[in-house]
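Next comes data34.txt, a file with compact mmCIF, C-alpha atoms and all ligand atoms.
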```
# COMPACT_ATOMS: atom_id res chain seq x y z
CA MET C 75 -17.22 -4.31 29.80
CA GLY C 76 -14.85 -6.29 32.02
CA LYS C 77 -16.32 -8.67 34.57
CA ILE C 78 -15.45 -8.44 38.27
CA ALA C 79 -16.43 -10.80 41.07
CA VAL C 80 -16.34 -9.15 44.51
CA LEU C 81 -16.42 -11.09 47.76
CA GLY C 82 -17.17 -8.75 50.64
CA VAL C 83 -19.52 -7.18 53.12
CA PHE C 84 -22.45 -4.79 52.92
CA VAL C 85 -23.40 -2.82 56.01
CA ALA C 86 -25.48 0.26 56.76
CA ASP C 87 -23.13 3.11 57.68
CA LEU C 88 -24.40 5.19 60.60
CA ALA C 89 -22.26 8.29 60.30
CA PHE C 90 -21.92 10.90 63.04
CA ARG C 91 -20.09 14.15 62.26
CA ALA C 92 -18.63 15.79 65.37
CA ASP C 93 -15.72 17.96 66.51
CA ARG C 94 -14.12 15.06 68.33
CA LEU C 95 -14.67 11.53 69.61
CA PRO C 96 -16.02 11.24 73.15
CA VAL C 97 -13.74 9.71 75.75
CA MET C 98 -15.10 6.72 77.69
CA GLY C 99 -18.04 7.73 79.86
CA GLU C 100 -18.52 11.05 78.02
CA THR C 101 -21.27 12.27 75.67
CA VAL C 102 -20.50 14.89 73.02
CA LEU C 103 -23.00 16.76 70.85
CA GLY C 104 -22.61 15.91 67.18
CA GLN C 105 -23.18 18.20 64.19
CA SER C 106 -25.08 15.75 61.98
CA PHE C 107 -26.11 12.15 61.38
CA ALA C 108 -26.63 10.26 58.12
CA MET C 109 -27.39 6.63 57.26
CA ASN C 110 -25.90 5.39 54.00
CA PRO C 111 -24.97 2.10 52.34
CA GLY C 112 -21.42 1.00 53.16
CA GLY C 113 -19.21 -2.02 53.74
CA LYS C 114 -15.88 -2.24 51.98
CA GLY C 115 -16.83 -5.01 49.53
CA SER C 116 -20.09 -3.39 48.54
CA ASN C 117 -18.47 0.06 48.24
CA GLN C 118 -15.79 -1.39 45.95
CA ALA C 119 -18.44 -3.16 43.88
CA VAL C 120 -20.35 0.12 43.45
CA ALA C 121 -17.19 2.03 42.51
CA ALA C 122 -16.33 -0.60 39.88
CA ALA C 123 -19.89 -0.74 38.49
CA ARG C 124 -20.07 3.06 38.18
CA MET C 125 -16.79 2.86 36.25
CA GLY C 126 -18.60 0.62 33.78
CA ALA C 127 -17.63 -2.87 34.97
CA ASP C 128 -20.02 -5.82 35.01
CA VAL C 129 -19.94 -6.63 38.73
CA ALA C 130 -21.09 -9.67 40.73
CA MET C 131 -21.29 -9.32 44.53
CA ILE C 132 -20.85 -12.43 46.68
CA THR C 133 -21.98 -12.03 50.29
CA ARG C 134 -24.46 -12.87 53.05
CA LEU C 135 -27.18 -10.61 54.41
CA GLY C 136 -29.91 -10.86 57.00
CA ASP C 137 -33.57 -10.65 56.00
CA ASP C 138 -34.33 -7.12 57.15
CA ASP C 139 -34.54 -3.45 56.15
CA PHE C 140 -30.77 -3.08 55.75
CA ALA C 141 -30.81 -6.04 53.32
CA GLN C 142 -33.41 -4.18 51.26
CA MET C 143 -31.09 -1.17 51.28
CA ALA C 144 -28.35 -3.40 49.83
CA PHE C 145 -30.54 -4.85 47.10
CA GLY C 146 -31.77 -1.35 46.16
CA LEU C 147 -28.22 -0.02 45.95
CA TRP C 148 -27.00 -2.91 43.79
CA ASP C 149 -30.06 -2.73 41.55
CA ASP C 150 -29.41 0.99 40.90
CA ALA C 151 -25.73 0.33 40.20
CA GLY C 152 -26.40 -2.69 37.93
CA ILE C 153 -24.59 -5.12 40.28
CA THR C 154 -25.64 -8.78 40.22
CA PRO C 155 -26.13 -10.09 43.78
CA HIS C 156 -25.03 -13.62 44.67
CA VAL C 157 -26.41 -13.53 48.17
CA THR C 158 -27.42 -15.99 50.84
CA GLN C 159 -29.94 -14.44 53.24
CA ASP C 160 -29.94 -15.65 56.83
CA PRO C 161 -33.24 -14.89 58.60
CA ASP C 162 -31.69 -15.87 61.95
CA SER C 163 -29.00 -13.20 61.71
CA TYR C 164 -28.98 -9.53 60.68
CA THR C 165 -27.48 -7.31 58.01
CA GLY C 166 -24.49 -5.54 59.50
CA ALA C 167 -23.94 -1.93 60.48
CA ALA C 168 -20.98 0.38 60.98
CA HIS C 169 -20.60 3.21 63.47
CA ILE C 170 -18.66 5.94 61.69
CA PHE C 171 -17.20 8.95 63.46
CA ILE C 172 -16.37 11.75 61.00
CA ASP C 173 -14.04 14.48 62.19
CA ALA C 174 -15.90 17.66 61.22
CA ALA C 175 -12.70 19.62 60.53
CA SER C 176 -10.74 17.13 58.41
CA GLY C 177 -13.40 14.73 57.09
CA ASP C 178 -11.30 11.81 58.39
CA ASN C 179 -13.05 8.89 60.04
CA ALA C 180 -12.88 6.17 62.69
CA ILE C 181 -15.07 3.10 62.22
CA ILE C 182 -16.51 0.18 64.20
CA ILE C 183 -18.12 -2.45 61.97
CA ALA C 184 -20.36 -5.37 62.95
CA PRO C 185 -20.67 -7.50 59.77
CA GLY C 186 -23.73 -9.46 61.03
CA ALA C 187 -24.70 -12.28 58.66
CA ALA C 188 -21.60 -11.61 56.54
CA ALA C 189 -19.42 -12.78 59.43
CA GLU C 190 -20.78 -16.28 58.65
CA ILE C 191 -19.61 -16.38 55.00
CA THR C 192 -17.86 -19.73 54.53
CA PRO C 193 -15.53 -21.23 51.91
CA SER C 194 -18.50 -23.22 50.63
CA ASP C 195 -20.22 -19.94 49.64
CA LEU C 196 -17.27 -19.37 47.33
CA VAL C 197 -17.40 -22.91 45.95
CA ALA C 198 -21.12 -22.38 45.27
CA ASN C 199 -20.17 -19.28 43.25
CA ARG C 200 -17.18 -20.88 41.51
CA ARG C 201 -18.54 -20.15 38.01
CA VAL C 202 -19.10 -16.47 38.84
CA ILE C 203 -15.46 -16.15 39.88
CA GLU C 204 -14.07 -18.22 37.00
CA ASN C 205 -15.99 -16.15 34.44
CA ALA C 206 -14.59 -12.84 35.72
CA GLN C 207 -11.46 -11.02 34.60
CA VAL C 208 -10.82 -9.81 38.16
CA PHE C 209 -11.62 -11.24 41.61
CA MET C 210 -11.40 -8.73 44.47
CA THR C 211 -11.85 -9.13 48.21
CA GLN C 212 -11.09 -7.50 51.58
CA LEU C 213 -10.91 -8.72 55.18
CA GLU C 214 -14.29 -7.81 56.69
CA GLN C 215 -15.59 -11.38 56.16
CA PRO C 216 -13.86 -14.52 57.46
CA MET C 217 -10.34 -15.11 56.21
CA ASP C 218 -10.94 -18.70 55.08
CA ALA C 219 -13.66 -17.50 52.71
CA ALA C 220 -11.32 -14.90 51.21
CA MET C 221 -8.67 -17.58 50.86
CA ARG C 222 -11.03 -19.94 49.01
CA GLY C 223 -12.12 -17.19 46.64
CA LEU C 224 -8.52 -16.27 45.88
CA GLN C 225 -7.67 -19.95 45.24
CA ILE C 226 -10.58 -20.43 42.84
CA ALA C 227 -9.63 -17.25 40.98
CA ARG C 228 -5.94 -18.13 40.82
CA ASP C 229 -6.69 -21.68 39.51
CA ALA C 230 -8.80 -20.11 36.74
CA GLY C 231 -6.17 -17.50 35.79
CA VAL C 232 -8.38 -14.64 37.04
CA ILE C 233 -6.51 -11.51 38.25
CA THR C 234 -6.69 -11.33 42.06
CA ILE C 235 -6.80 -8.18 44.20
CA LEU C 236 -6.74 -8.26 48.00
CA ASN C 237 -7.48 -5.03 49.85
CA PRO C 238 -6.14 -6.05 53.28
CA ALA C 239 -8.59 -3.95 55.29
CA PRO C 240 -9.16 -3.95 58.17
CA ALA C 241 -5.54 -4.80 58.99
CA ALA C 242 -4.92 -8.42 59.97
CA GLU C 243 -2.11 -10.92 60.03
CA LEU C 244 -1.99 -12.74 56.69
CA SER C 245 -0.42 -16.09 55.86
CA ALA C 246 2.28 -16.35 53.22
CA GLU C 247 0.00 -18.83 51.47
CA MET C 248 -2.72 -16.20 51.15
CA LEU C 249 -0.41 -13.41 50.01
CA ALA C 250 1.04 -15.71 47.36
CA LEU C 251 -2.44 -15.98 45.80
CA CYS C 252 -2.65 -12.21 45.25
CA ASP C 253 -1.61 -10.45 42.05
CA TYR C 254 -2.18 -7.10 43.72
CA VAL C 255 -2.38 -6.23 47.41
CA THR C 256 -3.55 -2.69 48.18
CA PRO C 257 -2.87 -1.70 51.80
CA ASN C 258 -2.94 1.88 53.08
CA GLU C 259 0.00 3.13 55.18
CA THR C 260 -1.37 1.67 58.45
CA GLU C 261 -2.13 -1.71 56.91
CA THR C 262 1.30 -1.74 55.25
CA HIS C 263 2.95 -1.23 58.62
CA SER C 264 0.92 -4.01 60.16
CA LEU C 265 1.75 -6.38 57.26
CA CYS C 266 5.48 -5.79 56.92
CA GLY C 267 6.58 -3.43 59.71
CA VAL C 268 7.70 -0.61 57.39
CA GLU C 269 6.51 2.96 58.13
CA VAL C 270 5.41 4.56 54.86
CA ASN C 271 5.52 8.33 54.51
CA ASP C 272 7.08 8.97 51.10
CA ALA C 273 8.05 7.27 47.84
CA VAL C 274 11.35 5.92 49.19
CA SER C 275 9.77 4.24 52.22
CA ALA C 276 6.89 3.02 50.02
CA GLN C 277 9.29 1.18 47.69
CA LYS C 278 11.04 -0.26 50.76
CA ALA C 279 7.64 -1.52 51.98
CA CYS C 280 6.88 -2.96 48.52
CA GLU C 281 10.14 -4.95 48.67
CA ALA C 282 9.17 -6.27 52.11
CA LEU C 283 5.68 -7.19 50.90
CA LYS C 284 7.13 -9.00 47.87
CA ARG C 285 9.40 -10.98 50.20
CA LEU C 286 6.16 -12.06 51.94
CA GLY C 287 4.87 -13.39 48.60
CA VAL C 288 2.80 -10.52 47.11
CA ALA C 289 3.29 -10.30 43.35
CA ARG C 290 2.76 -6.52 43.03
CA PRO C 291 1.91 -4.28 45.99
CA ILE C 292 0.15 -0.94 45.62
CA ILE C 293 0.24 1.27 48.71
CA THR C 294 -2.51 3.86 48.97
CA MET C 295 -1.15 7.02 50.60
CA GLY C 296 -4.16 9.30 51.08
CA SER C 297 -3.53 12.84 49.91
CA GLN C 298 -0.14 11.83 48.46
CA GLY C 299 -1.66 9.35 45.99
CA ALA C 300 -0.74 5.69 45.50
CA TYR C 301 2.59 3.93 45.15
CA LEU C 302 2.72 1.18 42.51
CA ASP C 303 5.59 -1.21 43.03
CA GLY C 304 8.25 -0.84 40.36
CA PHE C 305 6.60 2.23 38.83
CA GLY C 306 6.54 4.89 41.55
CA LEU C 307 4.24 7.35 43.23
CA VAL C 308 1.15 8.21 41.23
CA PRO C 309 0.01 11.58 42.64
CA ALA C 310 -3.45 12.04 44.12
CA VAL C 311 -5.96 13.73 41.83
CA SER C 312 -7.78 16.61 43.51
CA ALA C 313 -11.39 17.20 42.52
CA GLY C 314 -12.17 19.90 45.10
CA GLU C 315 -12.57 20.38 48.81
CA VAL C 316 -12.45 17.23 50.97
CA VAL C 317 -15.83 16.59 52.62
CA GLU C 318 -15.44 13.01 53.87
CA THR C 319 -12.76 10.37 53.34
CA THR C 320 -14.93 7.33 54.26
CA GLY C 321 -14.72 4.89 51.36
CA ALA C 322 -11.81 6.63 49.58
CA GLY C 323 -9.80 3.40 49.65
CA ASP C 324 -12.81 1.52 48.32
CA ALA C 325 -13.18 4.04 45.51
CA PHE C 326 -9.54 3.44 44.62
CA ASN C 327 -9.88 -0.36 44.68
CA GLY C 328 -13.12 -0.42 42.70
CA GLY C 329 -11.75 1.98 40.11
CA PHE C 330 -8.51 0.03 39.81
CA ALA C 331 -10.32 -3.30 39.40
CA ALA C 332 -12.66 -1.88 36.75
CA CYS C 333 -9.72 -0.58 34.72
CA LEU C 334 -7.78 -3.87 35.00
CA ALA C 335 -10.88 -5.82 33.96
CA ASP C 336 -11.04 -3.56 30.91
CA GLY C 337 -7.45 -4.45 29.96
CA ILE C 338 -6.00 -1.07 31.00
CA PRO C 339 -2.32 -1.36 32.08
CA PRO C 340 -1.75 -1.10 35.87
CA GLU C 341 0.11 2.25 35.67
CA ASP C 342 -2.88 3.90 33.93
CA ALA C 343 -5.35 1.97 36.08
CA VAL C 344 -3.74 3.42 39.24
CA ARG C 345 -3.98 6.95 37.81
CA MET C 346 -7.68 6.47 37.05
CA ALA C 347 -8.23 4.90 40.48
CA CYS C 348 -6.66 7.99 42.10
CA ALA C 349 -9.19 10.12 40.20
CA VAL C 350 -12.07 7.91 41.39
CA ALA C 351 -10.85 8.36 44.99
CA GLY C 352 -10.27 12.09 44.45
CA LEU C 353 -13.88 12.56 43.38
CA SER C 354 -15.28 10.34 46.15
CA VAL C 355 -13.78 12.44 48.96
CA THR C 356 -15.56 15.58 47.73
CA ARG C 357 -18.90 13.95 48.66
CA ALA C 358 -20.52 12.63 51.82
CA GLY C 359 -21.04 8.92 52.41
CA ALA C 360 -19.19 5.84 51.16
CA ALA C 361 -21.22 4.11 48.42
CA PRO C 362 -23.12 7.31 47.50
CA SER C 363 -19.82 9.14 46.92
CA MET C 364 -18.60 6.84 44.12
CA PRO C 365 -18.35 8.74 40.81
CA MET C 366 -19.54 7.74 37.35
CA ARG C 367 -17.00 6.91 34.64
CA ASP C 368 -17.75 10.14 32.70
CA GLU C 369 -16.90 12.25 35.73
CA VAL C 370 -13.59 10.44 36.13
CA LEU C 371 -12.69 10.89 32.46
CA ALA C 372 -13.66 14.58 32.61
CA LEU C 373 -11.48 15.12 35.69
CA LEU C 374 -8.47 13.53 34.00
CA GLY C 375 -9.08 15.61 30.88
O1 LIG H 401 -14.03 1.63 53.81
C1 LIG H 401 -15.12 2.30 54.34
C2 LIG H 401 -16.12 1.34 54.87
O2 LIG H 401 -15.56 0.63 55.95
C3 LIG H 401 -17.38 1.97 55.41
O3 LIG H 401 -18.38 2.10 54.43
C4 LIG H 401 -17.77 1.05 56.56
O4 LIG H 401 -18.94 0.36 56.33
C5 LIG H 401 -16.58 0.10 56.74
O5 LIG H 401 -16.86 -1.15 56.26
```
Before anything else, please render the file you have as structure tokens.
Amino acid sequence: MGKIAVLGVFVADLAFRADRLPVMGETVLGQSFAMNPGGKGSNQAVAAARMGADVAMITRLGDDDFAQMAFGLWDDAGITPHVTQDPDSYTGAAHIFIDAASGDNAIIIAPGAAAEITPSDLVANRRVIENAQVFMTQLEQPMDAAMRGLQIARDAGVITILNPAPAAELSAEMLALCDYVTPNETETHSLCGVEVNDAVSAQKACEALKRLGVARPIITMGSQGAYLDGFGLVPAVSAGEVVETTGAGDAFNGGFAACLADGIPPEDAVRMACAVAGLSVTRAGAAPSMPMRDEVLALLG
């Protein structure tokens, strides 16, 4: 079992399924509501743990009901929490609009206590990071904390993955600390200005990202699959009808990290990660939609 240290955010996802988003000042009737565990870091940790990895989750929570939801989720998934609880803050939440026809989503996230994660939280968890095969983070918590985690991992020779979501401007110094950066098409455009819509434009974007300092970009391309720099487009793996795409990128990242931590070569790891994402979109919710390793192996045959 490979070890993964994840720095990231847990929030409660409040998901509303409706025909369309309201315009400002308007109310629309929704079709359904569900509350589920979410947050990109936590979703990725769950995806990796369900793929069999030994996962440590570094974050901050409030001291409230949503924090209990996080601990329950991680306990079920076998994830070890490395958490500071702040009773003066709150555990975050996300408002998720799900388009009833396509399953696509639009999200507002308030990270709550996790917005106060500092570089010293990473220093306090230095051993957890140094003992992992893979360190993975995203951009829902403060940038300087992500940077410190990446530095600690890099100094210890731990593989580093940055999922640059939500999109943000990143320093060359930060990108140079990443073995893999995994933007989707929108995040790729915001990082390097290249519009990605096929394999040719994806390789062009990879070249631009490498000029910015990334060692090996992987561009996730939704229903097309994922483009691994220097290898090509790995097609998406369909597991049935798409119900909800929330967390599909997290499924990919968690699956990819678990495979790398297990010593699986990146080309095969991307294929397995596509299968993890393919299964996740056939189910509602983010964390609850992450598949077990056996399901992924069965899908790939
Ligand atoms: O990537 C999906 C996640 O983004 C959701 O679970 C939501 O919480 C936001 O963080």
Rank C:Asn179, C:Thr356, C:Ser106, C:Gln298 by their smallest atom-to-atom distance to Val317 in chain C, using only C-alpha atoms, and report the top residue only. C:Thr356
Please provide as a PyMOL selection string all residues within 12 Å of Pro96 in chain C, with the sequence filter that same-chain residues fewer than 6 positions apart are discarded (counting all atoms listed in the file). chain C and resi 90+102-104+171+173
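Residues within 8 Å of Gly223 in chain C, counting all atoms listed in the file and excluding same-chain residues fewer than 5 positions away, are Leu81, Pro193, Leu196, Val197, Ile203 and Phe209 of chain C.
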If you count all atoms listed in the file, which residues fall within 9 Å of Ala184 in chain C, apart from same-chain ones fewer than 6 positions away, as a PyMOL selection string? chain C and resi 85+165-169
Selected residues written out, C-alpha atoms, as a short mmCIF file (atom, residue, chain, number, x, y, z; two decimals), keeping the file's coordinate frame:
```
data_model
loop_
_atom_site.label_atom_id
_atom_site.label_comp_id
_atom_site.auth_asym_id
_atom_site.auth_seq_id
_atom_site.Cartn_x
_atom_site.Cartn_y
_atom_site.Cartn_z
CA VAL C 85 -23.40 -2.82 56.01
CA THR C 165 -27.48 -7.31 58.01
CA GLY C 166 -24.49 -5.54 59.50
CA ALA C 167 -23.94 -1.93 60.48
CA ALA C 168 -20.98 0.38 60.98
CA HIS C 169 -20.60 3.21 63.47
#
```
Name the residues in contact with Ala230 in chain C at a cut-off of 12 Å, using all atoms listed in the file, excluding same-chain residues fewer than 6 positions from it; report them as a list in words.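 Everything that qualifies: Arg200, Arg201, Val202, Ile203, Glu204, Asn205, Ala206, Gln207, Val208, Phe209, Gly223, Leu224 and Leu251 of chain C.
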Could you give me, as a VMD selection string, every polymer residue with an atom at most 8 Å away from an atom of ligand LIG 401 (chain H), counting only C-alpha atoms and all ligand atoms? chain C and resid 83 to 87 111 to 115 117 167 to 170 181 to 183 214 239 320 to 324 359 to 361
Find the residues around Gln118 in chain C up to 12 Å (all atoms listed in the file counted), leave out those fewer than 6 positions away in its own chain, and share them as a PyMOL selection string. chain C and resi 78-84+111-112+124-125+127+129-131+148+151+153+209-212+235-237+321-332+347+350-351+354+360-365
With C-alpha atoms kept, could you save the residues just selected as an mmCIF file, keeping the file's coordinate frame?
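Written out: selection-v9.cif:
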```
data_model
loop_
_atom_site.group_PDB
_atom_site.id
_atom_site.type_symbol
_atom_site.label_atom_id
_atom_site.label_comp_id
_atom_site.auth_asym_id
_atom_site.auth_seq_id
_atom_site.Cartn_x
_atom_site.Cartn_y
_atom_site.Cartn_z
ATOM 1 C CA ILE C 78 -15.450 -8.440 38.270
ATOM 2 C CA ALA C 79 -16.430 -10.800 41.070
ATOM 3 C CA VAL C 80 -16.340 -9.150 44.510
ATOM 4 C CA LEU C 81 -16.420 -11.090 47.760
ATOM 5 C CA GLY C 82 -17.170 -8.750 50.640
ATOM 6 C CA VAL C 83 -19.520 -7.180 53.120
ATOM 7 C CA PHE C 84 -22.450 -4.790 52.920
ATOM 8 C CA PRO C 111 -24.970 2.100 52.340
ATOM 9 C CA GLY C 112 -21.420 1.000 53.160
ATOM 10 C CA ARG C 124 -20.070 3.060 38.180
ATOM 11 C CA MET C 125 -16.790 2.860 36.250
ATOM 12 C CA ALA C 127 -17.630 -2.870 34.970
ATOM 13 C CA VAL C 129 -19.940 -6.630 38.730
ATOM 14 C CA ALA C 130 -21.090 -9.670 40.730
ATOM 15 C CA MET C 131 -21.290 -9.320 44.530
ATOM 16 C CA TRP C 148 -27.000 -2.910 43.790
ATOM 17 C CA ALA C 151 -25.730 0.330 40.200
ATOM 18 C CA ILE C 153 -24.590 -5.120 40.280
ATOM 19 C CA PHE C 209 -11.620 -11.240 41.610
ATOM 20 C CA MET C 210 -11.400 -8.730 44.470
ATOM 21 C CA THR C 211 -11.850 -9.130 48.210
ATOM 22 C CA GLN C 212 -11.090 -7.500 51.580
ATOM 23 C CA ILE C 235 -6.800 -8.180 44.200
ATOM 24 C CA LEU C 236 -6.740 -8.260 48.000
ATOM 25 C CA ASN C 237 -7.480 -5.030 49.850
ATOM 26 C CA GLY C 321 -14.720 4.890 51.360
ATOM 27 C CA ALA C 322 -11.810 6.630 49.580
ATOM 28 C CA GLY C 323 -9.800 3.400 49.650
ATOM 29 C CA ASP C 324 -12.810 1.520 48.320
ATOM 30 C CA ALA C 325 -13.180 4.040 45.510
ATOM 31 C CA PHE C 326 -9.540 3.440 44.620
ATOM 32 C CA ASN C 327 -9.880 -0.360 44.680
ATOM 33 C CA GLY C 328 -13.120 -0.420 42.700
ATOM 34 C CA GLY C 329 -11.750 1.980 40.110
ATOM 35 C CA PHE C 330 -8.510 0.030 39.810
ATOM 36 C CA ALA C 331 -10.320 -3.300 39.400
ATOM 37 C CA ALA C 332 -12.660 -1.880 36.750
ATOM 38 C CA ALA C 347 -8.230 4.900 40.480
ATOM 39 C CA VAL C 350 -12.070 7.910 41.390
ATOM 40 C CA ALA C 351 -10.850 8.360 44.990
ATOM 41 C CA SER C 354 -15.280 10.340 46.150
ATOM 42 C CA ALA C 360 -19.190 5.840 51.160
ATOM 43 C CA ALA C 361 -21.220 4.110 48.420
ATOM 44 C CA PRO C 362 -23.120 7.310 47.500
ATOM 45 C CA SER C 363 -19.820 9.140 46.920
ATOM 46 C CA MET C 364 -18.600 6.840 44.120
ATOM 47 C CA PRO C 365 -18.350 8.740 40.810
#
```
Grab the CA of Thr192 in chain C to CA of Met221 in chain C distance for me, in Å with one decimal place. 10.1 Å
Go ahead and fit an axis-aligned box to every listed atom of range 176-190 of chain C plus 8 Å each side, and pass me the centre and edge lengths in Å, one decimal, as AutoDock Vina command-line options.
```
--center_x -17.7 --center_y 0.4 --center_z 60.4 --size_x 30.0 --size_y 49.4 --size_z 23.7
```
What is the CA of Ser245 in chain C to CA of Leu334 in chain C distance in Å?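 Taking CA of Ser245 in chain C and CA of Leu334 in chain C, their separation equals 25.3 Å.
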Counting only C-alpha atoms, figure out which residue out of C:Met366, C:Thr133, C:Leu371, C:Ala282 gets nearest to Glu269 in chain C.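 So, comparing all the options, the nearest one is C:Ala282.
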Please rebuild range 273-292 of chain C with N, CA and C atoms and return the result as a CSV table (one decimal), keeping the file's coordinate frame.
```
chain,number,residue,atom,x,y,z
C,273,ALA,N,7.8,8.3,48.9
C,273,ALA,CA,8.0,7.3,47.8
C,273,ALA,C,9.2,6.3,48.2
C,274,VAL,N,10.2,6.8,48.9
C,274,VAL,CA,11.4,5.9,49.2
C,274,VAL,C,10.9,4.8,50.2
C,275,SER,N,10.2,5.2,51.2
C,275,SER,CA,9.8,4.2,52.2
C,275,SER,C,8.7,3.3,51.6
C,276,ALA,N,7.9,3.9,50.7
C,276,ALA,CA,6.9,3.0,50.0
C,276,ALA,C,7.5,1.9,49.2
C,277,GLN,N,8.6,2.2,48.5
C,277,GLN,CA,9.3,1.2,47.7
C,277,GLN,C,9.9,0.2,48.6
C,278,LYS,N,10.5,0.7,49.8
C,278,LYS,CA,11.0,-0.3,50.8
C,278,LYS,C,9.9,-1.2,51.3
C,279,ALA,N,8.8,-0.7,51.5
C,279,ALA,CA,7.6,-1.5,52.0
C,279,ALA,C,7.2,-2.5,50.9
C,280,CYS,N,7.2,-2.1,49.6
C,280,CYS,CA,6.9,-3.0,48.5
C,280,CYS,C,7.8,-4.1,48.5
C,281,GLU,N,9.1,-3.9,48.7
C,281,GLU,CA,10.1,-5.0,48.7
C,281,GLU,C,9.8,-5.9,49.8
C,282,ALA,N,9.5,-5.4,51.0
C,282,ALA,CA,9.2,-6.3,52.1
C,282,ALA,C,7.9,-7.1,51.8
C,283,LEU,N,6.9,-6.5,51.2
C,283,LEU,CA,5.7,-7.2,50.9
C,283,LEU,C,5.9,-8.3,49.9
C,284,LYS,N,6.8,-8.0,48.9
C,284,LYS,CA,7.1,-9.0,47.9
C,284,LYS,C,7.9,-10.2,48.5
C,285,ARG,N,8.7,-9.9,49.5
C,285,ARG,CA,9.4,-11.0,50.2
C,285,ARG,C,8.4,-11.9,50.9
C,286,LEU,N,7.2,-11.3,51.3
C,286,LEU,CA,6.2,-12.1,51.9
C,286,LEU,C,5.3,-12.8,50.9
C,287,GLY,N,5.6,-12.6,49.6
C,287,GLY,CA,4.9,-13.4,48.6
C,287,GLY,C,3.9,-12.6,47.7
C,288,VAL,N,3.7,-11.3,48.0
C,288,VAL,CA,2.8,-10.5,47.1
C,288,VAL,C,3.4,-10.3,45.8
C,289,ALA,N,2.7,-10.5,44.7
C,289,ALA,CA,3.3,-10.3,43.4
C,289,ALA,C,3.6,-8.8,43.1
C,290,ARG,N,2.6,-7.9,43.3
C,290,ARG,CA,2.8,-6.5,43.0
C,290,ARG,C,2.0,-5.7,44.0
C,291,PRO,N,2.6,-5.1,45.0
C,291,PRO,CA,1.9,-4.3,46.0
C,291,PRO,C,1.6,-2.9,45.4
C,292,ILE,N,0.5,-2.3,45.9
C,292,ILE,CA,0.2,-0.9,45.6
C,292,ILE,C,-0.2,-0.3,47.0
```
